[in-house]
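Participant: So here's upload-v8.csv (CSV, C-alpha atoms).
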chain,number,residue,atom,x,y,z
A,23,MET,CA,-20.0,-14.0,-4.0
A,24,LYS,CA,-20.6,-16.1,-0.8
A,25,ASN,CA,-22.6,-14.9,2.1
A,26,LEU,CA,-20.6,-12.7,4.4
A,27,ASN,CA,-21.2,-15.1,7.3
A,28,ALA,CA,-18.8,-17.5,5.7
A,29,CYS,CA,-16.0,-15.1,6.4
A,30,ALA,CA,-16.3,-15.6,10.1
A,31,ALA,CA,-15.2,-19.2,9.6
A,32,LEU,CA,-12.0,-18.2,7.9
A,33,PHE,CA,-9.1,-19.0,10.1
A,34,ILE,CA,-6.9,-16.7,8.1
A,35,MET,CA,-3.9,-14.6,8.8
A,36,CYS,CA,-3.3,-11.5,6.7
A,37,LEU,CA,-0.5,-12.4,4.3
A,38,SER,CA,2.2,-10.1,5.7
A,39,LEU,CA,1.3,-11.0,9.3
A,40,LEU,CA,2.3,-14.6,8.8
A,41,LEU,CA,4.9,-15.0,6.3
A,42,ILE,CA,7.0,-12.0,5.2
A,43,PRO,CA,10.7,-12.9,5.6
A,44,ILE,CA,12.5,-11.8,8.7
A,45,ASN,CA,15.1,-9.9,6.7
A,46,SER,CA,14.0,-6.4,6.2
A,47,TYR,CA,14.4,-4.2,3.2
A,48,PRO,CA,14.2,-0.4,2.7
A,49,CYS,CA,11.5,1.5,0.8
A,50,THR,CA,11.1,5.2,0.0
A,51,SER,CA,7.9,7.3,-0.5
A,52,PHE,CA,7.5,11.1,-1.1
A,53,CYS,CA,5.2,13.7,-2.5
A,54,LEU,CA,6.2,16.3,-5.1
A,55,LYS,CA,3.9,19.2,-5.6
A,56,VAL,CA,4.0,20.8,-9.0
A,57,ASP,CA,1.9,24.0,-9.1
A,58,ASP,CA,-0.1,22.6,-6.1
A,59,LYS,CA,-0.7,19.4,-8.0
A,60,PRO,CA,0.7,16.4,-6.0
A,61,MET,CA,2.6,13.5,-7.4
A,62,VAL,CA,3.6,10.6,-5.2
A,63,GLY,CA,6.7,8.5,-5.8
A,64,LYS,CA,7.3,5.0,-4.3
A,65,ASN,CA,10.1,2.5,-4.5
A,66,TYR,CA,9.1,-0.9,-3.3
A,67,ASP,CA,12.3,-2.6,-2.1
A,68,TRP,CA,11.9,-6.2,-1.2
A,69,SER,CA,13.3,-9.7,-1.7
A,70,ILE,CA,10.7,-10.8,-4.3
A,71,GLY,CA,9.3,-8.8,-7.2
A,72,ASN,CA,6.2,-10.7,-8.3
A,73,GLY,CA,2.8,-9.0,-8.0
A,74,LEU,CA,-0.5,-8.1,-9.6
A,75,ILE,CA,-2.1,-4.8,-10.2
A,76,MET,CA,-5.7,-5.1,-8.9
A,77,VAL,CA,-8.8,-3.2,-9.8
A,78,ASN,CA,-10.9,-3.1,-6.6
A,79,LYS,CA,-14.6,-2.3,-6.7
A,80,ARG,CA,-16.9,0.1,-4.9
A,81,GLY,CA,-20.1,-1.1,-3.4
A,82,VAL,CA,-18.6,-4.2,-1.8
A,83,GLN,CA,-19.4,-5.3,1.8
A,84,LYS,CA,-16.3,-6.7,3.6
A,85,ILE,CA,-15.2,-8.1,6.9
A,86,ALA,CA,-11.5,-8.0,8.0
A,87,ALA,CA,-9.7,-11.3,7.6
A,88,GLN,CA,-8.9,-13.0,10.9
A,89,TYR,CA,-6.5,-15.8,11.9
A,90,ARG,CA,-6.9,-16.0,15.6
A,91,SER,CA,-9.8,-14.6,17.6
A,92,ASP,CA,-7.7,-14.1,20.8
A,93,ALA,CA,-5.3,-11.8,18.9
A,94,TYR,CA,-7.8,-10.1,16.7
A,95,GLY,CA,-11.0,-9.7,18.7
A,96,LYS,CA,-13.9,-8.3,16.8
A,97,PRO,CA,-13.1,-7.8,13.1
A,98,VAL,CA,-13.8,-4.5,11.2
A,99,HIS,CA,-16.8,-4.5,8.9
A,100,TRP,CA,-17.2,-2.0,6.1
A,101,ASN,CA,-18.6,-1.1,2.7
A,102,SER,CA,-16.2,0.1,0.0
A,103,LYS,CA,-17.3,3.5,-1.2
A,104,PHE,CA,-14.5,4.0,-3.7
A,105,GLY,CA,-12.9,1.9,-6.4
A,106,SER,CA,-9.1,1.7,-6.4
A,107,VAL,CA,-6.1,0.3,-8.2
A,108,THR,CA,-3.5,-1.4,-6.0
A,109,PHE,CA,-0.2,-3.3,-6.1
A,110,ASN,CA,-0.7,-6.7,-4.5
A,111,GLN,CA,2.0,-9.2,-3.7
A,112,PHE,CA,0.4,-11.4,-1.1
A,113,GLY,CA,-3.1,-11.9,-2.6
A,114,ARG,CA,-6.2,-9.9,-3.4
A,115,GLU,CA,-7.5,-7.6,-0.7
A,116,PHE,CA,-4.0,-7.3,0.8
A,117,PRO,CA,-2.2,-4.5,-1.1
A,118,MET,CA,1.2,-3.0,-0.6
A,119,GLY,CA,-0.2,0.4,-1.7
A,120,GLY,CA,-2.4,2.1,-4.3
A,121,ILE,CA,-4.7,4.9,-5.2
A,122,ASN,CA,-8.5,5.3,-5.2
A,123,GLU,CA,-10.8,7.1,-7.6
A,124,SER,CA,-10.9,10.2,-5.3
A,125,GLY,CA,-7.2,10.5,-5.5
A,126,LEU,CA,-6.2,9.1,-2.1
A,127,VAL,CA,-2.8,7.3,-2.1
A,128,VAL,CA,-1.8,5.0,0.7
A,129,GLU,CA,1.6,3.3,0.8
A,130,LEU,CA,3.4,1.2,3.5
A,131,LEU,CA,7.1,1.0,4.4
A,132,MET,CA,9.0,-1.1,6.9
A,133,LEU,CA,9.6,0.4,10.3
A,134,ALA,CA,11.4,-1.8,12.9
A,135,GLU,CA,10.4,0.5,15.8
A,136,THR,CA,6.7,-0.2,15.3
A,137,LEU,CA,4.7,-1.4,18.3
A,138,TYR,CA,1.0,-1.8,17.7
A,139,PRO,CA,-1.7,-1.3,20.4
A,140,GLU,CA,-2.4,-4.0,22.9
A,141,PRO,CA,-5.8,-5.8,22.5
A,142,ASP,CA,-8.8,-3.5,23.3
A,143,PRO,CA,-12.5,-3.3,22.5
A,144,ARG,CA,-11.9,-1.6,19.1
A,145,PRO,CA,-12.6,-3.7,16.0
A,146,SER,CA,-9.3,-5.0,14.4
A,147,ILE,CA,-7.6,-5.3,11.1
A,148,SER,CA,-4.3,-6.6,9.8
A,149,MET,CA,-1.6,-4.3,8.5
A,150,LEU,CA,-1.9,-5.0,4.8
A,151,GLN,CA,-5.7,-4.9,4.8
A,152,TRP,CA,-5.6,-1.6,6.6
A,153,VAL,CA,-4.4,-0.1,3.3
A,154,GLN,CA,-7.4,-1.5,1.4
A,155,TYR,CA,-9.7,-0.3,4.1
A,156,GLN,CA,-8.5,3.3,3.8
A,157,LEU,CA,-8.7,3.2,0.0
A,158,ASP,CA,-12.2,1.7,0.2
A,159,LYS,CA,-13.5,4.3,2.7
A,160,PHE,CA,-12.0,7.7,2.4
A,161,ARG,CA,-11.3,10.7,0.1
A,162,LYS,CA,-8.9,12.7,2.3
A,163,THR,CA,-5.8,12.2,4.4
A,164,GLN,CA,-7.5,13.8,7.4
A,165,GLU,CA,-10.3,11.1,7.3
A,166,VAL,CA,-7.6,8.4,7.4
A,167,ILE,CA,-6.0,10.0,10.4
A,168,GLU,CA,-9.3,10.2,12.2
A,169,SER,CA,-10.1,6.5,11.4
A,170,ILE,CA,-7.0,5.2,13.2
A,171,PHE,CA,-8.5,5.9,16.6
A,172,HIS,CA,-11.5,3.8,15.8
A,173,LEU,CA,-9.8,0.5,14.8
A,174,ARG,CA,-6.8,-1.5,15.9
A,175,ILE,CA,-4.1,-3.0,13.8
A,176,VAL,CA,-3.0,-6.4,14.9
A,177,PRO,CA,0.7,-7.1,15.1
A,178,PRO,CA,2.3,-9.8,12.9
A,179,LEU,CA,3.4,-13.1,14.3
A,180,MET,CA,6.7,-12.7,12.5
A,181,GLY,CA,8.3,-10.4,9.9
A,182,PRO,CA,8.7,-6.6,9.8
A,183,GLU,CA,6.2,-4.1,11.0
A,184,VAL,CA,5.3,-1.1,9.0
A,185,HIS,CA,4.3,2.6,8.9
A,186,TYR,CA,2.2,4.4,6.3
A,187,PHE,CA,2.5,7.3,3.9
A,188,VAL,CA,-0.8,8.9,2.9
A,189,CYS,CA,-1.5,11.8,0.4
A,190,ASP,CA,-4.7,13.1,-1.1
A,191,ARG,CA,-5.7,15.2,-4.1
A,192,GLY,CA,-5.2,18.4,-2.2
A,193,GLY,CA,-1.5,17.5,-1.6
A,194,ASN,CA,-2.2,16.9,2.1
A,195,CYS,CA,0.1,14.2,3.3
A,196,ALA,CA,0.7,12.3,6.5
A,197,SER,CA,3.0,9.7,8.1
A,198,ILE,CA,1.1,7.3,10.3
A,199,GLU,CA,3.1,5.2,12.8
A,200,PHE,CA,2.4,3.1,15.8
A,201,LEU,CA,5.1,3.7,18.5
A,202,ASP,CA,4.9,2.4,22.0
A,203,GLY,CA,1.4,1.1,21.4
A,204,ARG,CA,-0.1,4.4,20.3
A,205,ALA,CA,-0.7,6.2,17.0
A,206,VAL,CA,1.7,9.0,16.0
A,207,CYS,CA,0.9,11.2,13.0
A,208,HIS,CA,2.7,13.9,11.3
A,209,THR,CA,0.9,16.1,8.8
A,210,GLY,CA,0.6,19.8,7.8
A,211,LYS,CA,3.0,21.9,9.8
A,212,THR,CA,4.4,18.9,11.6
A,213,MET,CA,5.4,17.4,8.2
A,214,PRO,CA,7.6,20.0,6.5
A,215,ALA,CA,9.3,17.3,4.4
A,216,ARG,CA,6.7,15.1,2.6
A,217,VAL,CA,9.0,12.0,2.6
A,218,LEU,CA,9.0,8.7,4.4
A,219,THR,CA,11.6,6.0,4.5
A,220,ASN,CA,12.4,3.4,7.2
A,221,ASN,CA,13.2,5.5,10.3
A,222,THR,CA,10.5,7.1,12.4
A,223,TYR,CA,9.4,10.4,10.9
A,224,GLU,CA,10.7,12.3,13.9
A,225,ASP,CA,14.2,10.7,13.6
A,226,SER,CA,14.3,11.4,9.9
A,227,LEU,CA,13.2,14.9,10.3
A,228,ARG,CA,15.8,15.5,13.0
A,229,ALA,CA,18.5,14.3,10.5
A,230,TRP,CA,17.2,16.6,7.8
A,231,LYS,CA,17.0,19.7,10.1
A,232,ASN,CA,20.5,19.0,11.4
A,233,GLY,CA,21.8,19.1,7.9
A,234,LYS,CA,23.3,15.7,8.0
A,235,GLN,CA,25.0,14.4,4.8
A,236,SER,CA,22.6,12.6,2.5
A,237,HIS,CA,23.4,9.0,1.5
A,238,PRO,CA,20.9,8.0,-1.1
A,239,ASN,CA,22.0,4.4,-1.3
A,240,GLN,CA,22.3,4.0,2.5
A,241,TYR,CA,20.5,0.8,3.6
A,242,TYR,CA,18.8,2.6,6.5
A,243,GLY,CA,16.4,5.3,5.9
A,244,ALA,CA,17.7,8.6,7.3
A,245,GLY,CA,20.1,9.2,4.4
A,246,ARG,CA,17.5,8.5,1.8
A,247,PHE,CA,15.0,10.7,3.6
A,248,VAL,CA,17.5,13.6,3.6
A,249,HIS,CA,18.5,13.0,0.0
A,250,ALA,CA,14.9,12.8,-1.3
A,251,ALA,CA,13.8,15.9,0.7
A,252,ARG,CA,16.6,17.9,-0.8
A,253,LEU,CA,15.7,16.9,-4.3
A,254,LEU,CA,12.1,17.9,-3.6
A,255,GLU,CA,13.3,21.3,-2.4
A,256,ASP,CA,15.4,21.7,-5.6
A,257,TYR,CA,12.6,21.0,-8.0
A,258,ASP,CA,12.0,23.9,-10.5
A,259,SER,CA,9.2,23.6,-13.0
A,260,ASP,CA,11.2,25.6,-15.5
A,261,ARG,CA,14.3,23.5,-15.5
A,262,SER,CA,13.4,20.1,-14.0
A,263,GLY,CA,11.4,19.0,-17.0
A,264,ASN,CA,8.5,16.6,-17.1
A,265,PRO,CA,7.4,16.0,-13.5
A,266,VAL,CA,6.7,12.3,-14.0
A,267,ASN,CA,10.2,11.9,-15.2
A,268,HIS,CA,11.5,14.0,-12.4
A,269,VAL,CA,9.8,11.8,-9.8
A,270,PHE,CA,11.3,8.7,-11.5
A,271,SER,CA,14.7,10.4,-11.4
A,272,ILE,CA,14.4,10.9,-7.6
A,273,LEU,CA,13.3,7.3,-7.2
A,274,LYS,CA,16.3,6.1,-9.2
A,275,SER,CA,18.6,8.2,-7.0
A,276,VAL,CA,17.4,6.4,-3.9
A,277,SER,CA,17.2,3.0,-5.5
A,278,GLN,CA,18.6,0.0,-3.6
A,279,GLY,CA,19.8,-1.8,-6.7
A,280,SER,CA,18.3,-5.3,-7.2
A,281,PHE,CA,16.2,-4.9,-4.0
A,282,THR,CA,14.2,-2.2,-5.7
A,283,LYS,CA,11.5,-4.3,-7.4
A,284,TRP,CA,8.9,-1.6,-8.3
A,285,SER,CA,9.1,2.1,-8.9
A,286,ILE,CA,5.7,3.8,-9.0
A,287,VAL,CA,4.5,7.4,-9.7
A,288,TYR,CA,1.0,8.4,-8.8
A,289,ASP,CA,-0.1,11.5,-10.8
A,290,ILE,CA,-3.0,12.3,-8.4
A,291,PRO,CA,-4.8,15.1,-10.3
A,292,ASN,CA,-4.9,13.0,-13.4
A,293,LEU,CA,-5.6,9.7,-11.6
A,294,THR,CA,-2.9,8.1,-13.5
A,295,ILE,CA,-0.3,5.5,-12.3
A,296,TYR,CA,3.1,5.2,-14.0
A,297,PHE,CA,5.3,2.3,-13.0
A,298,LYS,CA,8.3,0.2,-14.0
A,299,THR,CA,9.9,-2.8,-12.4
A,300,LEU,CA,13.3,-4.4,-12.0
A,301,SER,CA,12.4,-7.0,-14.6
A,302,ASN,CA,10.8,-4.6,-17.1
A,303,GLU,CA,12.2,-1.0,-17.0
A,304,LYS,CA,9.9,0.2,-19.7
A,305,VAL,CA,7.5,2.8,-18.3
A,306,ARG,CA,3.8,1.7,-18.3
A,307,TYR,CA,0.8,3.6,-17.2
A,308,VAL,CA,-2.9,3.3,-16.6
A,309,SER,CA,-5.7,5.8,-15.8
A,310,LEU,CA,-8.3,5.1,-13.2
A,311,ARG,CA,-10.8,6.9,-15.4
A,312,ASP,CA,-10.6,4.0,-17.9
A,313,PHE,CA,-12.0,1.4,-15.4
A,314,ASP,CA,-15.5,0.5,-14.4
A,315,PHE,CA,-15.5,0.3,-10.6
A,316,SER,CA,-19.1,-0.9,-10.2
A,317,CYS,CA,-19.0,-4.2,-8.3
A,318,GLU,CA,-21.2,-5.9,-10.9
A,319,SER,CA,-18.4,-5.7,-13.4
A,320,PRO,CA,-15.5,-8.2,-13.4
A,321,VAL,CA,-12.5,-7.6,-11.2
A,322,LEU,CA,-9.4,-7.0,-13.5
A,323,VAL,CA,-5.7,-7.8,-12.9
A,324,LEU,CA,-2.4,-7.3,-14.6
A,325,ASP,CA,1.0,-8.9,-13.9
A,326,VAL,CA,3.1,-6.0,-12.7
A,327,ASN,CA,6.2,-7.5,-14.6
A,328,SER,CA,4.4,-8.1,-17.9
A,329,ASP,CA,6.5,-7.2,-21.0
A,330,PHE,CA,4.4,-4.2,-22.1
A,331,GLN,CA,5.0,-0.5,-22.3
A,332,GLY,CA,2.9,2.6,-22.6
A,333,ASN,CA,-0.9,2.5,-21.8
A,334,VAL,CA,-1.6,-1.0,-20.5
A,335,ARG,CA,-5.3,-0.7,-19.8
A,336,ASN,CA,-6.2,-3.2,-22.5
A,337,MET,CA,-3.8,-5.7,-21.1
A,338,PHE,CA,-5.8,-6.3,-17.9
A,339,THR,CA,-7.6,-9.6,-17.7
A,340,LYS,CA,-10.4,-11.0,-15.5
A,341,TYR,CA,-9.5,-12.0,-12.0
A,342,THR,CA,-9.9,-15.7,-11.1
A,343,LYS,CA,-9.2,-17.7,-8.0
A,344,LYS,CA,-6.6,-19.5,-9.9
A,345,VAL,CA,-4.7,-16.2,-10.6
A,346,ASN,CA,-4.9,-15.4,-6.9
A,347,ARG,CA,-3.6,-18.9,-6.0
A,348,MET,CA,-0.7,-18.5,-8.4
A,349,LEU,CA,0.2,-15.2,-6.9
A,350,VAL,CA,0.1,-16.5,-3.3
A,351,GLU,CA,2.0,-19.7,-4.2
A,352,SER,CA,4.8,-17.6,-5.8
A,353,ALA,CA,5.0,-15.0,-3.0
A,354,PHE,CA,5.0,-17.7,-0.2
A,355,ARG,CA,7.3,-20.2,-2.0
A,356,ASP,CA,10.3,-19.7,0.3
A,357,MET,CA,8.6,-18.5,3.5
A,358,SER,CA,8.1,-20.1,6.8
A,359,PHE,CA,4.5,-20.7,8.0
A,360,GLY,CA,5.3,-20.7,11.7
A,361,GLY,CA,4.2,-24.3,12.2
A,362,LEU,CA,0.8,-23.8,10.5
A,363,ASP,CA,-0.4,-26.1,7.8
A,364,ARG,CA,0.8,-24.7,4.5
A,365,GLN,CA,-2.0,-25.9,2.3
A,366,LYS,CA,-4.6,-24.7,4.7
A,367,VAL,CA,-3.2,-21.2,4.9
A,368,LEU,CA,-2.8,-21.0,1.1
A,369,ASP,CA,-6.4,-22.2,0.6
A,370,MET,CA,-7.8,-19.6,3.1
A,371,VAL,CA,-5.8,-16.8,1.5
A,372,THR,CA,-6.9,-17.8,-2.0
A,373,THR,CA,-10.6,-18.0,-1.1
A,374,TYR,CA,-10.9,-15.0,1.2
A,375,PRO,CA,-12.1,-12.6,-1.5
A,376,GLN,CA,-15.2,-14.8,-2.1
A,377,ALA,CA,-16.6,-13.8,1.3
A,378,SER,CA,-17.3,-10.2,0.1
A,379,ILE,CA,-20.7,-9.2,-1.1
A,380,CYS,CA,-21.7,-6.9,-4.0
A,381,LEU,CA,-24.3,-4.5,-2.6
A,382,PRO,CA,-27.3,-2.9,-4.3
A,383,GLN,CA,-26.4,0.6,-5.4
A,384,GLU,CA,-28.4,2.3,-2.7
A,385,ALA,CA,-27.0,0.2,0.1
A,386,ALA,CA,-23.5,0.7,-1.1
A,387,GLN,CA,-23.7,4.5,-0.6
A,388,ASN,CA,-24.4,4.1,3.1
Take the structure in the file and write it out as structure tokens.
Facilitator:
Amino acid sequence: MKNLNACAALFIMCLSLLLIPINSYPCTSFCLKVDDKPMVGKNYDWSIGNGLIMVNKRGVQKIAAQYRSDAYGKPVHWNSKFGSVTFNQFGREFPMGGINESGLVVELLMLAETLYPEPDPRPSISMLQWVQYQLDKFRKTQEVIESIFHLRIVPPLMGPEVHYFVCDRGGNCASIEFLDGRAVCHTGKTMPARVLTNNTYEDSLRAWKNGKQSHPNQYYGAGRFVHAARLLEDYDSDRSGNPVNHVFSILKSVSQGSFTKWSIVYDIPNLTIYFKTLSNEKVRYVSLRDFDFSCESPVLVLDVNSDFQGNVRNMFTKYTKKVNRMLVESAFRDMSFGGLDRQKVLDMVTTYPQASICLPQEAAQN
């Protein structure tokens, strides 16, 4: 890996910040607790369905990607304490969501009302890399909540803003939003329904409490929120069957047809990910316990749409810059670059992971 100082020269914009299409699409996340064992479901609804499942390493020194110093200010620096498996569409280190080896799950969903903080002295990070930062650093949802007051998310130049759904091994979940320039969190007693769609959590909760009719296929999020929350309430371990299948059934009921590209189930206690995609509806799964997360070992990847089924651990291959380039080229094919040089942006996104450093074991634990 290249020296960390090389990262400072990267004139990069976090994938989503530059180039995600202006048209927005819905997503749904929720947590089902089965005998106090949490399972998280996620529908990723978007215009494109390509992506890689990435195995991210512990013991790696990183610096947040930057594209413009006047917007970003000082970038966040950190060491990854935990390995993770993530779903990436816009390049390595910029996941849409994932789970780490301690059982922390972080997912993002579009939220039009998002307004990020104004520039201030806090170190900054982009909205996709924020997901990787949390998975790299923390075990528990509460730690994620506490971290948001110590760093600042930079708003995108174009495209949709997001909010986040976080759950940990203890079944503690949170919604994390940025409204009117400040962080707003719901967790514990303020999060009676462990669901998040594409309205603010407060608005969705109001619809649920008011007993509004659920519309699972409604484009906007309140109907899907109410529908998913009711299905979670109705779960019965004696009659609802296999919990993984039940989570998939809820995801199917709130599917947005051809816009639903990925459906993912995180079995947190067993550190196992189940998933299927629009182009391959066969259920595939992988256990985090089957990976070597030490940074000395090769980074592994898998095409999320590959034509396999069952346990796909042995189908992962070594990550290369070429693989990352192919992913980025595919994701950005029909996107505007806002006047920036296309090849320069693609080059920077492709090479960004090379700026990280594999630390000695004793340093990585600090």
Participant: Between A:Lys211, A:Lys79, A:His99, A:Arg114, which one has atoms that come closest to Val345 of chain A, using all atoms listed in the file?
Facilitator: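 So, comparing all the options, the nearest one is A:Arg114.
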Participant: When you count only C-alpha atoms, which of these residues is closest to Ile147 of chain A: A:Lys304, A:Thr282, A:Val62, A:Ile85?
Facilitator: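 Nearest to Ile147 of chain A: A:Ile85.
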Participant: Distance atom CA of Arg246 of chain A-atom CA of Val287 of chain A, one decimal place?
Facilitator: 17.4 Å
Participant: With all atoms listed in the file as the atoms that count, which of A:Ala353, A:Asp312, A:Tyr66, A:Arg347 lies nearest to Met370 of chain A?
Facilitator: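 Of the candidates, the smallest distance to Met370 of chain A is held by A:Arg347.
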Participant: If we count all atoms listed in the file, what is near Asp329 of chain A at a cut-off of 12 Å, once residues fewer than 6 positions away on the same chain are taken out, given as a ChimeraX atom specification?
Facilitator: /A:298-306,337
Participant: Complete segment 124-148 of chain A with N, CA and C atoms (output as a PDB file, keeping the file's coordinate frame).
Facilitator:
ATOM      1  N   SER A 124     -10.873   8.788  -5.828  1.00  0.00           N
ATOM      2  CA  SER A 124     -10.900  10.200  -5.300  1.00  0.00           C
ATOM      3  C   SER A 124      -9.543  10.787  -5.215  1.00  0.00           C
ATOM      4  N   GLY A 125      -8.509  10.010  -5.520  1.00  0.00           N
ATOM      5  CA  GLY A 125      -7.200  10.500  -5.500  1.00  0.00           C
ATOM      6  C   GLY A 125      -6.418  10.340  -4.194  1.00  0.00           C
ATOM      7  N   LEU A 126      -6.916   9.465  -3.317  1.00  0.00           N
ATOM      8  CA  LEU A 126      -6.200   9.100  -2.100  1.00  0.00           C
ATOM      9  C   LEU A 126      -5.169   8.059  -2.366  1.00  0.00           C
ATOM     10  N   VAL A 127      -3.932   8.318  -1.949  1.00  0.00           N
ATOM     11  CA  VAL A 127      -2.800   7.300  -2.100  1.00  0.00           C
ATOM     12  C   VAL A 127      -2.440   6.871  -0.707  1.00  0.00           C
ATOM     13  N   VAL A 128      -2.282   5.562  -0.541  1.00  0.00           N
ATOM     14  CA  VAL A 128      -1.800   5.000   0.700  1.00  0.00           C
ATOM     15  C   VAL A 128      -0.677   4.001   0.345  1.00  0.00           C
ATOM     16  N   GLU A 129       0.482   4.160   1.006  1.00  0.00           N
ATOM     17  CA  GLU A 129       1.600   3.300   0.800  1.00  0.00           C
ATOM     18  C   GLU A 129       2.168   2.852   2.163  1.00  0.00           C
ATOM     19  N   LEU A 130       2.746   1.661   2.223  1.00  0.00           N
ATOM     20  CA  LEU A 130       3.400   1.200   3.500  1.00  0.00           C
ATOM     21  C   LEU A 130       4.869   1.026   3.266  1.00  0.00           C
ATOM     22  N   LEU A 131       5.609   1.160   4.368  1.00  0.00           N
ATOM     23  CA  LEU A 131       7.100   1.000   4.400  1.00  0.00           C
ATOM     24  C   LEU A 131       7.444   0.320   5.696  1.00  0.00           C
ATOM     25  N   MET A 132       8.530  -0.426   5.684  1.00  0.00           N
ATOM     26  CA  MET A 132       9.000  -1.100   6.900  1.00  0.00           C
ATOM     27  C   MET A 132       9.451  -0.118   7.941  1.00  0.00           C
ATOM     28  N   LEU A 133       9.109  -0.396   9.203  1.00  0.00           N
ATOM     29  CA  LEU A 133       9.600   0.400  10.300  1.00  0.00           C
ATOM     30  C   LEU A 133       9.816  -0.553  11.510  1.00  0.00           C
ATOM     31  N   ALA A 134      11.073  -0.794  11.861  1.00  0.00           N
ATOM     32  CA  ALA A 134      11.400  -1.800  12.900  1.00  0.00           C
ATOM     33  C   ALA A 134      10.878  -1.318  14.280  1.00  0.00           C
ATOM     34  N   GLU A 135      10.777  -0.009  14.505  1.00  0.00           N
ATOM     35  CA  GLU A 135      10.400   0.500  15.800  1.00  0.00           C
ATOM     36  C   GLU A 135       8.874   0.367  16.091  1.00  0.00           C
ATOM     37  N   THR A 136       8.118  -0.080  15.130  1.00  0.00           N
ATOM     38  CA  THR A 136       6.700  -0.200  15.300  1.00  0.00           C
ATOM     39  C   THR A 136       6.282  -1.076  16.452  1.00  0.00           C
ATOM     40  N   LEU A 137       5.353  -0.581  17.264  1.00  0.00           N
ATOM     41  CA  LEU A 137       4.700  -1.400  18.300  1.00  0.00           C
ATOM     42  C   LEU A 137       3.252  -1.072  18.315  1.00  0.00           C
ATOM     43  N   TYR A 138       2.449  -2.033  17.873  1.00  0.00           N
ATOM     44  CA  TYR A 138       1.000  -1.800  17.700  1.00  0.00           C
ATOM     45  C   TYR A 138       0.307  -1.815  19.076  1.00  0.00           C
ATOM     46  N   PRO A 139      -0.918  -1.300  19.138  1.00  0.00           N
ATOM     47  CA  PRO A 139      -1.700  -1.300  20.400  1.00  0.00           C
ATOM     48  C   PRO A 139      -1.936  -2.651  20.961  1.00  0.00           C
ATOM     49  N   GLU A 140      -2.025  -2.728  22.271  1.00  0.00           N
ATOM     50  CA  GLU A 140      -2.400  -4.000  22.900  1.00  0.00           C
ATOM     51  C   GLU A 140      -3.921  -4.220  22.593  1.00  0.00           C
ATOM     52  N   PRO A 141      -4.391  -5.465  22.713  1.00  0.00           N
ATOM     53  CA  PRO A 141      -5.800  -5.800  22.500  1.00  0.00           C
ATOM     54  C   PRO A 141      -6.718  -4.873  23.302  1.00  0.00           C
ATOM     55  N   ASP A 142      -7.768  -4.382  22.650  1.00  0.00           N
ATOM     56  CA  ASP A 142      -8.800  -3.500  23.300  1.00  0.00           C
ATOM     57  C   ASP A 142     -10.093  -3.737  22.620  1.00  0.00           C
ATOM     58  N   PRO A 143     -11.164  -3.076  23.041  1.00  0.00           N
ATOM     59  CA  PRO A 143     -12.500  -3.300  22.500  1.00  0.00           C
ATOM     60  C   PRO A 143     -12.678  -2.904  21.017  1.00  0.00           C
ATOM     61  N   ARG A 144     -11.761  -2.124  20.473  1.00  0.00           N
ATOM     62  CA  ARG A 144     -11.900  -1.600  19.100  1.00  0.00           C
ATOM     63  C   ARG A 144     -11.901  -2.798  18.098  1.00  0.00           C
ATOM     64  N   PRO A 145     -12.665  -2.698  17.011  1.00  0.00           N
ATOM     65  CA  PRO A 145     -12.600  -3.700  16.000  1.00  0.00           C
ATOM     66  C   PRO A 145     -11.168  -3.684  15.340  1.00  0.00           C
ATOM     67  N   SER A 146     -10.721  -4.831  14.860  1.00  0.00           N
ATOM     68  CA  SER A 146      -9.300  -5.000  14.400  1.00  0.00           C
ATOM     69  C   SER A 146      -9.202  -5.316  12.966  1.00  0.00           C
ATOM     70  N   ILE A 147      -7.970  -5.086  12.476  1.00  0.00           N
ATOM     71  CA  ILE A 147      -7.600  -5.300  11.100  1.00  0.00           C
ATOM     72  C   ILE A 147      -6.147  -5.586  10.980  1.00  0.00           C
ATOM     73  N   SER A 148      -5.712  -6.325   9.977  1.00  0.00           N
ATOM     74  CA  SER A 148      -4.300  -6.600   9.800  1.00  0.00           C
ATOM     75  C   SER A 148      -3.620  -5.494   8.993  1.00  0.00           C
TER      76      SER A 148
END
